[in-house]
file my_file.txt (compact mmCIF, C-alpha atoms)
# COMPACT_ATOMS: atom_id res chain seq x y z
CA MET A 1 -44.88 9.05 -97.90
CA ARG A 2 -42.70 8.23 -94.90
CA ARG A 3 -39.05 9.23 -95.17
CA ILE A 4 -36.95 8.19 -92.20
CA THR A 5 -34.36 10.53 -90.72
CA ASN A 6 -31.56 8.98 -88.71
CA TYR A 7 -31.88 11.05 -85.56
CA THR A 8 -29.99 8.39 -83.63
CA MET A 9 -26.90 9.81 -85.29
CA LEU A 10 -27.78 13.48 -85.04
CA PRO A 11 -25.97 13.99 -81.74
CA MET A 12 -22.82 13.21 -83.71
CA LEU A 13 -23.64 15.85 -86.33
CA LEU A 14 -22.95 18.46 -83.70
CA LEU A 15 -19.50 17.06 -83.16
CA TRP A 16 -18.33 18.52 -86.46
CA ALA A 17 -19.41 22.11 -86.00
CA GLY A 18 -16.95 24.98 -86.10
CA ASN A 19 -16.44 28.62 -86.92
CA ALA A 20 -17.91 28.09 -90.37
CA ASN A 21 -21.24 28.33 -88.55
CA ALA A 22 -20.51 31.72 -86.99
CA ALA A 23 -22.75 33.46 -89.55
CA LEU A 24 -25.85 31.62 -88.33
CA ASP A 25 -28.08 34.01 -86.40
CA ILE A 26 -29.91 31.66 -84.04
CA GLN A 27 -33.05 33.23 -82.58
CA THR A 28 -34.88 31.55 -79.72
CA TRP A 29 -38.12 31.95 -77.85
CA GLU A 30 -40.66 29.99 -75.88
CA THR A 31 -44.28 29.67 -76.89
CA ASP A 32 -47.13 30.35 -74.50
CA ASN A 33 -47.58 26.61 -73.98
CA GLY A 34 -43.90 26.04 -73.14
CA ALA A 35 -42.35 24.78 -76.40
CA ARG A 36 -38.75 25.97 -76.96
CA VAL A 37 -38.03 27.24 -80.47
CA TYR A 38 -34.73 27.73 -82.34
CA PHE A 39 -35.00 29.66 -85.61
CA VAL A 40 -32.54 30.56 -88.37
CA GLU A 41 -33.60 32.76 -91.27
CA THR A 42 -32.06 31.70 -94.59
CA ARG A 43 -33.02 33.31 -97.87
CA GLN A 44 -30.90 31.31 -100.32
CA LEU A 45 -33.77 28.99 -101.30
CA PRO A 46 -37.56 29.43 -101.12
CA MET A 47 -37.81 26.52 -98.66
CA VAL A 48 -38.78 26.01 -95.02
CA GLN A 49 -37.70 23.13 -92.79
CA LEU A 50 -39.60 22.40 -89.56
CA SER A 51 -38.40 19.81 -87.05
CA VAL A 52 -40.32 19.10 -83.85
CA GLY A 53 -38.99 16.85 -81.09
CA PHE A 54 -40.67 15.47 -78.00
CA ASP A 55 -39.03 13.83 -74.99
CA ALA A 56 -40.98 10.71 -75.92
CA GLY A 57 -38.46 8.14 -77.08
CA SER A 58 -38.32 4.47 -76.17
CA ALA A 59 -36.88 5.33 -72.75
CA ARG A 60 -40.48 6.31 -71.89
CA ASP A 61 -41.96 2.93 -72.87
CA PRO A 62 -43.70 0.94 -70.10
CA GLN A 63 -41.58 -2.13 -69.41
CA ASP A 64 -44.41 -4.48 -70.37
CA LYS A 65 -45.27 -2.60 -73.60
CA LEU A 66 -41.98 -1.99 -75.34
CA GLY A 67 -42.58 -0.44 -78.72
CA LEU A 68 -45.32 1.95 -77.60
CA ALA A 69 -43.33 5.13 -78.36
CA HIS A 70 -42.43 3.72 -81.76
CA LEU A 71 -46.04 2.92 -82.64
CA VAL A 72 -47.21 6.37 -81.56
CA ASN A 73 -44.49 7.90 -83.75
CA LEU A 74 -45.68 5.80 -86.71
CA MET A 75 -49.39 6.19 -86.14
CA VAL A 76 -49.87 9.96 -85.90
CA GLU A 77 -49.96 10.23 -89.71
CA GLU A 78 -52.58 7.47 -90.04
CA GLY A 79 -55.39 9.84 -89.14
CA ALA A 80 -55.67 13.26 -87.49
CA ALA A 81 -58.66 15.45 -86.66
CA ASP A 82 -60.97 15.29 -89.71
CA LEU A 83 -58.39 13.60 -92.00
CA ASP A 84 -57.69 9.93 -92.56
CA GLY A 85 -54.27 8.67 -93.53
CA GLU A 86 -54.90 8.84 -97.26
CA SER A 87 -56.21 12.39 -97.00
CA ILE A 88 -53.11 13.44 -95.05
CA ALA A 89 -50.82 11.98 -97.69
CA LEU A 90 -52.75 13.58 -100.55
CA ALA A 91 -52.92 16.97 -98.81
CA LEU A 92 -49.15 17.10 -98.33
CA GLU A 93 -48.43 15.76 -101.79
CA SER A 94 -50.70 18.35 -103.41
CA VAL A 95 -48.53 21.20 -102.09
CA GLY A 96 -45.19 19.46 -102.64
CA ALA A 97 -44.46 19.03 -98.91
CA GLN A 98 -42.44 16.18 -97.43
CA TYR A 99 -43.13 14.62 -94.04
CA SER A 100 -40.79 12.32 -92.11
CA ASN A 101 -40.49 10.86 -88.62
CA GLU A 102 -38.04 9.05 -86.37
CA ASN A 103 -38.09 7.61 -82.87
CA GLY A 104 -34.96 6.99 -80.78
CA ARG A 105 -34.25 6.34 -77.14
CA ASP A 106 -34.35 10.00 -76.08
CA MET A 107 -36.52 11.76 -78.63
CA SER A 108 -39.47 11.35 -80.97
CA VAL A 109 -39.00 13.60 -84.03
CA PHE A 110 -41.28 14.85 -86.80
CA GLU A 111 -40.20 16.87 -89.83
CA LEU A 112 -41.93 18.92 -92.50
CA ARG A 113 -40.21 20.36 -95.56
CA SER A 114 -42.14 22.81 -97.72
CA LEU A 115 -41.78 25.64 -100.19
CA SER A 116 -42.07 28.99 -98.46
CA ASP A 117 -44.84 30.29 -100.70
CA PRO A 118 -47.70 30.92 -98.22
CA ASP A 119 -50.20 29.28 -100.57
CA LEU A 120 -48.19 26.05 -100.22
CA LEU A 121 -46.68 26.38 -96.75
CA GLN A 122 -49.87 27.24 -94.88
CA PRO A 123 -51.88 24.17 -96.01
CA ALA A 124 -48.92 21.92 -95.26
CA ALA A 125 -48.49 23.46 -91.81
CA ARG A 126 -52.18 22.99 -91.02
CA VAL A 127 -51.90 19.28 -91.79
CA PHE A 128 -48.65 18.99 -89.84
CA ALA A 129 -50.29 20.64 -86.82
CA LYS A 130 -53.15 18.14 -86.93
CA ILE A 131 -50.70 15.23 -87.11
CA LEU A 132 -48.92 16.44 -83.97
CA SER A 133 -51.88 17.57 -81.89
CA ALA A 134 -54.93 15.54 -82.95
CA PRO A 135 -54.05 12.01 -84.11
CA THR A 136 -57.01 9.64 -84.12
CA PHE A 137 -55.08 6.34 -83.99
CA PRO A 138 -57.61 4.35 -86.06
CA LYS A 139 -57.83 0.74 -84.96
CA ALA A 140 -57.52 -0.69 -88.47
CA SER A 141 -54.29 1.25 -88.99
CA LEU A 142 -52.99 0.14 -85.61
CA ASP A 143 -53.62 -3.50 -86.49
CA ARG A 144 -51.81 -3.04 -89.81
CA GLU A 145 -48.82 -1.19 -88.35
CA ARG A 146 -48.58 -3.71 -85.51
CA GLN A 147 -48.34 -6.56 -87.99
CA ARG A 148 -45.71 -4.74 -90.03
CA LEU A 149 -43.69 -4.10 -86.90
CA LEU A 150 -43.99 -7.71 -85.76
CA ILE A 151 -42.74 -8.87 -89.16
CA ARG A 152 -39.79 -6.49 -88.94
CA LEU A 153 -38.98 -7.64 -85.40
CA ALA A 154 -39.04 -11.26 -86.60
CA GLN A 155 -36.72 -10.34 -89.47
CA GLN A 156 -34.32 -8.69 -87.02
CA GLN A 157 -33.92 -12.01 -85.26
CA GLN A 158 -32.39 -13.29 -88.51
CA SER A 159 -29.91 -10.40 -88.72
CA PRO A 160 -26.71 -10.79 -86.68
CA ARG A 161 -26.22 -7.01 -86.73
CA ASP A 162 -29.64 -6.43 -85.14
CA VAL A 163 -29.16 -9.29 -82.67
CA VAL A 164 -25.80 -7.99 -81.48
CA THR A 165 -27.06 -4.41 -81.17
CA ARG A 166 -30.08 -5.38 -79.08
CA ALA A 167 -28.01 -7.66 -76.86
CA PHE A 168 -25.32 -5.02 -76.40
CA TYR A 169 -27.74 -2.33 -75.22
CA ALA A 170 -29.63 -4.81 -73.05
CA ASN A 171 -26.47 -5.88 -71.24
CA LEU A 172 -24.78 -2.48 -71.10
CA PHE A 173 -27.84 -0.68 -69.71
CA ASP A 174 -29.33 -3.63 -67.85
CA GLY A 175 -32.43 -2.37 -66.00
CA HIS A 176 -32.04 1.22 -67.21
CA PRO A 177 -34.51 2.85 -69.67
CA TYR A 178 -31.78 3.04 -72.33
CA ALA A 179 -31.85 -0.76 -72.51
CA LYS A 180 -35.27 -0.55 -74.16
CA PRO A 181 -35.00 -1.01 -77.96
CA PRO A 182 -36.50 1.88 -79.97
CA ASP A 183 -38.78 -0.44 -81.95
CA GLY A 184 -39.79 -2.56 -78.96
CA ASP A 185 -40.18 -6.33 -78.80
CA ALA A 186 -42.80 -8.76 -80.03
CA GLU A 187 -44.36 -9.40 -76.62
CA GLY A 188 -44.75 -5.71 -75.83
CA VAL A 189 -46.07 -4.79 -79.27
CA GLN A 190 -48.74 -7.50 -79.06
CA ARG A 191 -49.98 -6.11 -75.72
CA ILE A 192 -50.47 -2.56 -76.96
CA VAL A 193 -54.05 -1.36 -77.47
CA ARG A 194 -55.37 1.90 -78.85
CA ARG A 195 -55.88 3.37 -75.36
CA ASP A 196 -52.16 3.01 -74.71
CA LEU A 197 -51.41 5.21 -77.74
CA THR A 198 -53.89 7.92 -76.76
CA ASP A 199 -52.59 7.98 -73.18
CA PHE A 200 -48.96 8.18 -74.30
CA HIS A 201 -49.78 11.00 -76.71
CA ARG A 202 -51.71 12.87 -74.01
CA ASP A 203 -48.83 12.64 -71.54
CA TYR A 204 -45.83 13.39 -73.77
CA PHE A 205 -47.03 15.35 -76.82
CA VAL A 206 -47.41 18.63 -74.95
CA GLY A 207 -45.82 22.05 -75.28
CA ALA A 208 -43.67 21.84 -72.16
CA ASN A 209 -42.19 18.59 -73.48
CA ALA A 210 -41.49 19.89 -77.01
CA VAL A 211 -38.66 21.60 -78.87
CA MET A 212 -38.84 22.98 -82.39
CA ALA A 213 -36.24 23.95 -84.98
CA LEU A 214 -37.24 26.17 -87.88
CA VAL A 215 -34.93 27.07 -90.77
CA GLY A 216 -35.76 28.82 -93.99
CA ASP A 217 -37.14 31.62 -96.06
CA LEU A 218 -39.13 33.40 -93.34
CA SER A 219 -38.93 36.58 -91.31
CA ARG A 220 -39.04 36.40 -87.51
CA ALA A 221 -42.67 37.50 -87.51
CA GLU A 222 -43.58 34.88 -90.10
CA ALA A 223 -41.66 32.25 -88.14
CA GLU A 224 -43.51 33.08 -84.93
CA GLN A 225 -46.83 32.80 -86.73
CA LEU A 226 -45.85 29.44 -88.23
CA VAL A 227 -44.66 28.09 -84.89
CA GLN A 228 -47.91 29.10 -83.25
CA GLN A 229 -49.83 27.37 -86.04
CA VAL A 230 -47.86 24.12 -85.71
CA VAL A 231 -47.41 23.67 -81.95
CA GLY A 232 -49.59 26.38 -80.43
CA GLY A 233 -52.55 24.02 -80.28
CA LEU A 234 -50.78 21.54 -78.01
CA PRO A 235 -51.80 21.61 -74.34
CA ARG A 236 -49.08 22.99 -72.09
CA GLY A 237 -48.74 19.83 -69.99
CA ARG A 238 -45.42 19.27 -68.28
CA ALA A 239 -41.95 18.12 -69.22
CA ALA A 240 -41.16 14.43 -68.84
CA GLU A 241 -39.37 13.43 -65.67
CA LYS A 242 -35.60 13.23 -65.85
CA VAL A 243 -34.24 9.87 -67.00
CA ALA A 244 -32.52 7.97 -64.20
CA ALA A 245 -28.74 8.13 -64.03
CA VAL A 246 -26.92 5.35 -65.87
CA PRO A 247 -25.18 3.18 -63.25
CA GLU A 248 -21.53 2.23 -63.30
CA LEU A 249 -20.58 -1.24 -64.51
CA ASN A 250 -19.66 -3.69 -61.76
CA GLY A 251 -17.15 -5.32 -64.07
CA GLY A 252 -16.59 -6.66 -67.55
CA ALA A 253 -18.86 -9.23 -69.14
CA LEU A 254 -18.79 -11.51 -72.18
CA VAL A 255 -22.04 -12.56 -73.86
CA ASP A 256 -21.61 -15.17 -76.60
CA ILE A 257 -24.70 -15.72 -78.75
CA GLN A 258 -24.61 -18.58 -81.22
CA PHE A 259 -25.83 -17.66 -84.70
CA PRO A 260 -25.66 -19.61 -87.99
CA SER A 261 -23.19 -17.45 -89.91
CA ASN A 262 -19.59 -17.52 -91.08
CA GLN A 263 -18.98 -14.05 -89.69
CA SER A 264 -19.11 -13.00 -86.07
CA HIS A 265 -20.38 -9.55 -85.10
CA LEU A 266 -18.69 -8.05 -82.06
CA LEU A 267 -19.73 -5.00 -80.05
CA MET A 268 -18.04 -3.97 -76.84
CA GLY A 269 -18.07 -0.88 -74.70
CA GLN A 270 -19.23 0.81 -71.55
CA PRO A 271 -21.30 3.84 -70.50
CA GLY A 272 -19.79 6.92 -72.09
CA VAL A 273 -20.85 10.56 -71.86
CA SER A 274 -23.92 12.75 -71.68
CA ARG A 275 -24.37 15.87 -73.78
CA HIS A 276 -23.04 18.02 -70.92
CA ASP A 277 -20.10 15.93 -69.76
CA PRO A 278 -16.98 18.06 -69.03
CA ASP A 279 -14.84 15.35 -70.65
CA TYR A 280 -16.87 15.46 -73.87
CA PHE A 281 -14.38 17.29 -76.08
CA PRO A 282 -11.21 15.42 -75.02
CA LEU A 283 -13.00 12.10 -75.36
CA TYR A 284 -14.39 12.94 -78.78
CA VAL A 285 -11.09 14.16 -80.20
CA GLY A 286 -9.29 11.19 -78.67
CA ASN A 287 -11.79 8.71 -80.07
CA HIS A 288 -11.38 10.23 -83.53
CA ILE A 289 -7.81 8.98 -83.34
CA LEU A 290 -8.67 5.67 -81.70
CA GLY A 291 -11.49 4.50 -83.95
CA GLY A 292 -13.48 7.37 -85.42
CA SER A 293 -11.39 8.36 -88.42
CA GLY A 294 -11.87 5.40 -90.74
CA LEU A 295 -8.93 3.52 -92.21
CA ILE A 296 -6.29 5.67 -90.50
CA SER A 297 -7.61 5.14 -86.96
CA ARG A 298 -5.53 3.05 -84.58
CA LEU A 299 -8.14 0.30 -84.41
CA SER A 300 -8.36 0.05 -88.19
CA VAL A 301 -4.59 0.00 -88.63
CA ALA A 302 -4.12 -2.69 -85.96
CA ILE A 303 -6.98 -4.98 -86.99
CA ARG A 304 -7.63 -4.33 -90.68
CA GLU A 305 -4.48 -2.92 -92.26
CA GLU A 306 -1.81 -4.91 -90.40
CA ARG A 307 -3.63 -8.24 -89.96
CA GLY A 308 -6.63 -8.25 -92.30
CA LEU A 309 -8.99 -9.48 -89.61
CA ALA A 310 -11.92 -7.21 -90.42
CA TYR A 311 -13.15 -5.08 -93.27
CA SER A 312 -14.47 -2.44 -90.89
CA VAL A 313 -13.64 -1.62 -87.27
CA TYR A 314 -14.73 1.53 -85.49
CA SER A 315 -15.44 3.20 -82.17
CA TYR A 316 -17.55 6.15 -81.10
CA PHE A 317 -19.21 7.92 -78.19
CA LEU A 318 -22.96 8.45 -78.55
CA PRO A 319 -23.89 11.20 -76.05
CA MET A 320 -27.48 11.24 -74.79
CA ARG A 321 -29.53 12.93 -72.06
CA ASP A 322 -27.66 10.78 -69.58
CA ARG A 323 -24.57 8.75 -70.44
CA GLY A 324 -24.92 7.12 -73.81
CA PRO A 325 -22.68 4.25 -74.89
CA PHE A 326 -19.03 4.15 -75.86
CA ILE A 327 -18.99 1.49 -78.59
CA ILE A 328 -16.29 -0.50 -80.37
CA GLY A 329 -17.52 -2.65 -83.24
CA LEU A 330 -16.23 -5.03 -85.89
CA GLN A 331 -17.14 -8.09 -87.94
CA THR A 332 -14.71 -10.93 -88.59
CA ARG A 333 -14.55 -14.64 -89.46
CA ASN A 334 -15.70 -16.92 -86.67
CA ASP A 335 -12.24 -18.48 -86.28
CA GLN A 336 -10.67 -15.03 -85.89
CA THR A 337 -13.08 -13.56 -83.36
CA SER A 338 -11.01 -14.13 -80.23
CA LEU A 339 -7.88 -12.70 -81.86
CA ALA A 340 -9.73 -9.64 -83.20
CA GLU A 341 -11.33 -9.01 -79.83
CA ARG A 342 -8.00 -9.28 -78.04
CA LEU A 343 -6.30 -6.91 -80.46
CA ALA A 344 -9.13 -4.39 -80.11
CA ARG A 345 -8.84 -4.43 -76.33
CA GLU A 346 -5.05 -4.17 -76.51
CA THR A 347 -5.32 -1.22 -78.87
CA VAL A 348 -7.74 0.54 -76.53
CA ALA A 349 -5.51 -0.21 -73.53
CA SER A 350 -2.46 1.16 -75.35
CA PHE A 351 -4.30 4.37 -76.25
CA VAL A 352 -5.58 4.80 -72.70
CA ALA A 353 -2.03 4.41 -71.37
CA GLU A 354 -0.19 6.50 -73.95
CA GLY A 355 -2.68 8.92 -75.46
CA PRO A 356 -2.17 10.41 -78.92
CA SER A 357 1.00 11.56 -80.59
CA ALA A 358 1.37 15.22 -81.52
CA GLU A 359 0.97 14.33 -85.19
CA GLU A 360 -2.21 12.32 -84.56
CA LEU A 361 -3.72 15.10 -82.49
CA GLU A 362 -3.03 17.78 -85.08
CA ALA A 363 -4.45 15.66 -87.90
CA ALA A 364 -7.58 14.84 -85.88
CA LYS A 365 -8.29 18.49 -85.13
CA LYS A 366 -7.94 19.48 -88.77
CA ASN A 367 -10.15 16.63 -89.91
CA ILE A 368 -12.91 17.37 -87.39
CA THR A 369 -13.10 21.10 -88.01
CA GLY A 370 -12.56 20.76 -91.76
CA GLY A 371 -15.51 18.41 -92.18
CA PHE A 372 -18.10 20.80 -90.81
CA PRO A 373 -19.30 22.61 -93.98
CA LEU A 374 -20.59 19.37 -95.53
CA LEU A 375 -22.84 18.84 -92.53
CA ILE A 376 -24.66 22.17 -92.65
CA ASP A 377 -25.11 22.38 -96.41
CA SER A 378 -28.91 22.21 -96.28
CA ASN A 379 -31.74 23.64 -94.20
CA ARG A 380 -32.58 20.13 -93.03
CA LYS A 381 -29.10 19.54 -91.63
CA ILE A 382 -29.07 22.93 -89.92
CA ALA A 383 -32.46 22.18 -88.39
CA GLY A 384 -31.18 18.83 -87.14
CA ASN A 385 -28.33 20.55 -85.32
CA LEU A 386 -30.65 23.19 -83.86
CA LEU A 387 -33.12 20.56 -82.68
CA ASN A 388 -30.41 18.76 -80.76
CA MET A 389 -29.16 22.04 -79.29
CA ALA A 390 -32.67 22.81 -78.09
CA PHE A 391 -33.42 19.32 -76.81
CA TYR A 392 -30.15 18.88 -74.93
CA GLY A 393 -29.98 22.47 -73.69
CA LEU A 394 -26.70 23.35 -75.36
CA PRO A 395 -25.62 27.02 -75.34
CA LEU A 396 -26.49 29.21 -78.30
CA ASP A 397 -22.81 29.70 -79.14
CA TYR A 398 -22.17 25.95 -79.16
CA LEU A 399 -21.67 25.75 -82.92
CA GLU A 400 -19.86 29.07 -83.15
CA THR A 401 -17.27 28.16 -80.51
CA TYR A 402 -16.97 24.48 -81.33
CA SER A 403 -13.86 24.75 -83.49
CA ASP A 404 -12.03 26.73 -80.81
CA ARG A 405 -12.90 24.12 -78.20
CA ILE A 406 -11.66 21.34 -80.47
CA ASP A 407 -8.42 23.21 -81.11
CA ALA A 408 -7.95 23.77 -77.38
CA VAL A 409 -7.90 20.03 -76.57
CA THR A 410 -4.45 18.85 -75.50
CA ALA A 411 -2.86 15.40 -75.53
CA GLU A 412 -2.72 15.45 -71.73
CA GLN A 413 -6.45 16.19 -71.50
CA ILE A 414 -7.15 13.22 -73.76
CA ARG A 415 -4.91 10.91 -71.71
CA ASP A 416 -6.49 12.09 -68.47
CA ALA A 417 -10.07 11.71 -69.74
CA PHE A 418 -9.50 8.25 -71.22
CA ARG A 419 -7.72 6.98 -68.10
CA ARG A 420 -10.63 8.05 -65.93
CA ARG A 421 -13.48 7.12 -68.26
CA VAL A 422 -12.44 4.06 -70.32
CA ASP A 423 -11.40 0.84 -68.60
CA PRO A 424 -10.35 -1.92 -71.06
CA GLU A 425 -10.82 -4.49 -68.30
CA ARG A 426 -14.46 -3.55 -67.69
CA LEU A 427 -15.98 -3.73 -71.15
CA VAL A 428 -19.32 -5.33 -71.93
CA ARG A 429 -18.56 -7.62 -74.89
CA VAL A 430 -21.22 -9.22 -77.05
CA VAL A 431 -20.36 -11.68 -79.81
CA VAL A 432 -22.99 -13.00 -82.25
CA GLY A 433 -21.86 -15.71 -84.65
CA GLY A 434 -20.80 -19.31 -85.03
CA SER A 435 -18.28 -21.10 -82.84
CA ASN A 436 -15.15 -18.98 -82.65
CA GLY A 437 -11.56 -19.81 -82.07
call {"tool": "encode", "arguments": {"input": "my_file.txt", "output": "structure tokens"}}
result
Amino acid sequence: MRRITNYTMLPMLLLWAGNANAALDIQTWETDNGARVYFVETRQLPMVQLSVGFDAGSARDPQDKLGLAHLVNLMVEEGAADLDGESIALALESVGAQYSNENGRDMSVFELRSLSDPDLLQPAARVFAKILSAPTFPKASLDRERQRLLIRLAQQQQSPRDVVTRAFYANLFDGHPYAKPPDGDAEGVQRIVRRDLTDFHRDYFVGANAVMALVGDLSRAEAEQLVQQVVGGLPRGRAAEKVAAVPELNGGALVDIQFPSNQSHLLMGQPGVSRHDPDYFPLYVGNHILGGSGLISRLSVAIREERGLAYSVYSYFLPMRDRGPFIIGLQTRNDQTSLAERLARETVASFVAEGPSAEELEAAKKNITGGFPLLIDSNRKIAGNLLNMAFYGLPLDYLETYSDRIDAVTAEQIRDAFRRRVDPERLVRVVVGGSNG
């Protein structure tokens, strides 16, 4: 039944929005128990998409029980109120509804997709409401999900991509909540007991800590009734405390992890931007040129096209509640790792010093704004954008004005932002692979 949505990438969905979204009439309100709701009425299809997010990602995990947020996210569908896991699955299946969930560092997300026919939507919404507000966390299911998670964590230790990602976040955000991996670690998962799940749910799954996006074939009155049905039963509670500020790096660092493979995986970067950073737009447009535009990006041309050192090389900013990472990544042969790393750093340094050409800037703007329609071509994608707007407190005209703000970015703004925010000499670099030359 579970269908995973990649909400770790949804902040980047918003980066593509433009005037094509001007027709969206975004209505907002707050429920009596404090949940913030963003609603768009669409009548093209007889469908409804509900997305609910809680400030209950892995950043909220206790340090000695990493993986708790992830297990709560998994376990709510294993039993709720008077339903066991099998009954929940059958109830949703019987009305053609789809349920999915995802847990990241900032947010824990739950989705329901249903036909808008009240005879189908109402039963699905009742089950969804029970999942969110009254999970029972049965011990047998916890034991089973714990074992599955432990197996997956063990498998990750055999994957250089997973090893490099975990090590990169651990070293970049050393001591900060963003260093905590979304799916935890074996030691923490083994310590978790049922009481931990019920306490976490009690503290974070409350109205004041929730946002909801609703898109589909409903009137405003019908939407308000549905919202009340789904989240109105949550206690008001209080919003989670603000995540601590991400500290500045003291300097660059190189972490070399030996791994039995012919390819080395390299990630390097530094703290980047939050959702509200004033440098957000210049940095995003600039990075599109540096490493965010595929084969024509500067990093790809320098490392793949001209020297054939890597099949894929990329860079991106991942904005979060506080400063998420700026990441440069590639994979290459072990004996080429040092050369590829040096070329990547030189390419970044050159871009920081020179900025983009007029031709690069114009092409980037057209590519960014032109790609938007493909990313709001379904209710689910629209809801994903709205959920992020609600969670990160972005203005209602964010999507409508996005294209204009992209077009307003100048080459000088990009140079200025990169010179202040990206230091090629202070990158955290993590290499996972065999001995490199």
call {"tool": "residues_around", "arguments": {"input": "my_file.txt", "residues": "range 358-363 of chain A", "least_positions_apart": "2", "cutoff": "12 Å", "atoms": "only C-alpha atoms", "output": "PyMOL selection string"}}
result
chain A and resi 282+284-290+293+296-298+351+354-356+365-370+406-415
call {"tool": "residues_around", "arguments": {"input": "my_file.txt", "residues": "Met47 in chain A", "least_positions_apart": "5", "cutoff": "7 Å", "atoms": "only C-alpha atoms", "output": "mmCIF file with C-alpha atoms, in the coordinates of the input"}}
result
data_model
loop_
_atom_site.group_PDB
_atom_site.id
_atom_site.type_symbol
_atom_site.label_atom_id
_atom_site.label_comp_id
_atom_site.auth_asym_id
_atom_site.auth_seq_id
_atom_site.Cartn_x
_atom_site.Cartn_y
_atom_site.Cartn_z
ATOM 1 C CA SER A 114 -42.140 22.810 -97.720
ATOM 2 C CA LEU A 115 -41.780 25.640 -100.190
ATOM 3 C CA SER A 116 -42.070 28.990 -98.460
ATOM 4 C CA GLY A 216 -35.760 28.820 -93.990
ATOM 5 C CA ASP A 217 -37.140 31.620 -96.060
#
call {"tool": "axis_aligned_box", "arguments": {"input": "my_file.txt", "around": "range 148-153 of chain A", "padding_each_side": "5 Å", "output": "AutoDock Vina command-line options"}}
result
--center_x -42.3 --center_y -6.5 --center_z -87.7 --size_x 16.7 --size_y 14.8 --size_z 14.6
call {"tool": "closest_atom_pairs", "arguments": {"input": "my_file.txt", "of": "range 338-407 of chain A", "to": "range 315-331 of chain A", "cutoff": "10 Å", "atoms": "all atoms listed in the file", "output": "tab-separated table"}}
result
residue	atom	partner	partner_atom	distance
A:Ala340	CA	A:Leu330	CA	8.4
A:Glu341	CA	A:Leu330	CA	8.8
A:Ala344	CA	A:Ile328	CA	8.2
A:Arg345	CA	A:Ile328	CA	9.3
A:Val348	CA	A:Ile328	CA	9.4
A:Phe391	CA	A:Arg321	CA	8.9
A:Tyr392	CA	A:Arg321	CA	6.6
A:Gly393	CA	A:Arg321	CA	9.7
call {"tool": "residues_around", "arguments": {"input": "my_file.txt", "residues": "range 128-132 of chain A", "least_positions_apart": "4", "cutoff": "8 Å", "atoms": "all atoms listed in the file", "output": "list of chain:residue names"}}
result
A:Val76, A:Glu77, A:Gly79, A:Ala80, A:Ala81, A:Leu112, A:Ala124, A:Phe205, A:Gln229, A:Val230, A:Val231, A:Gly233
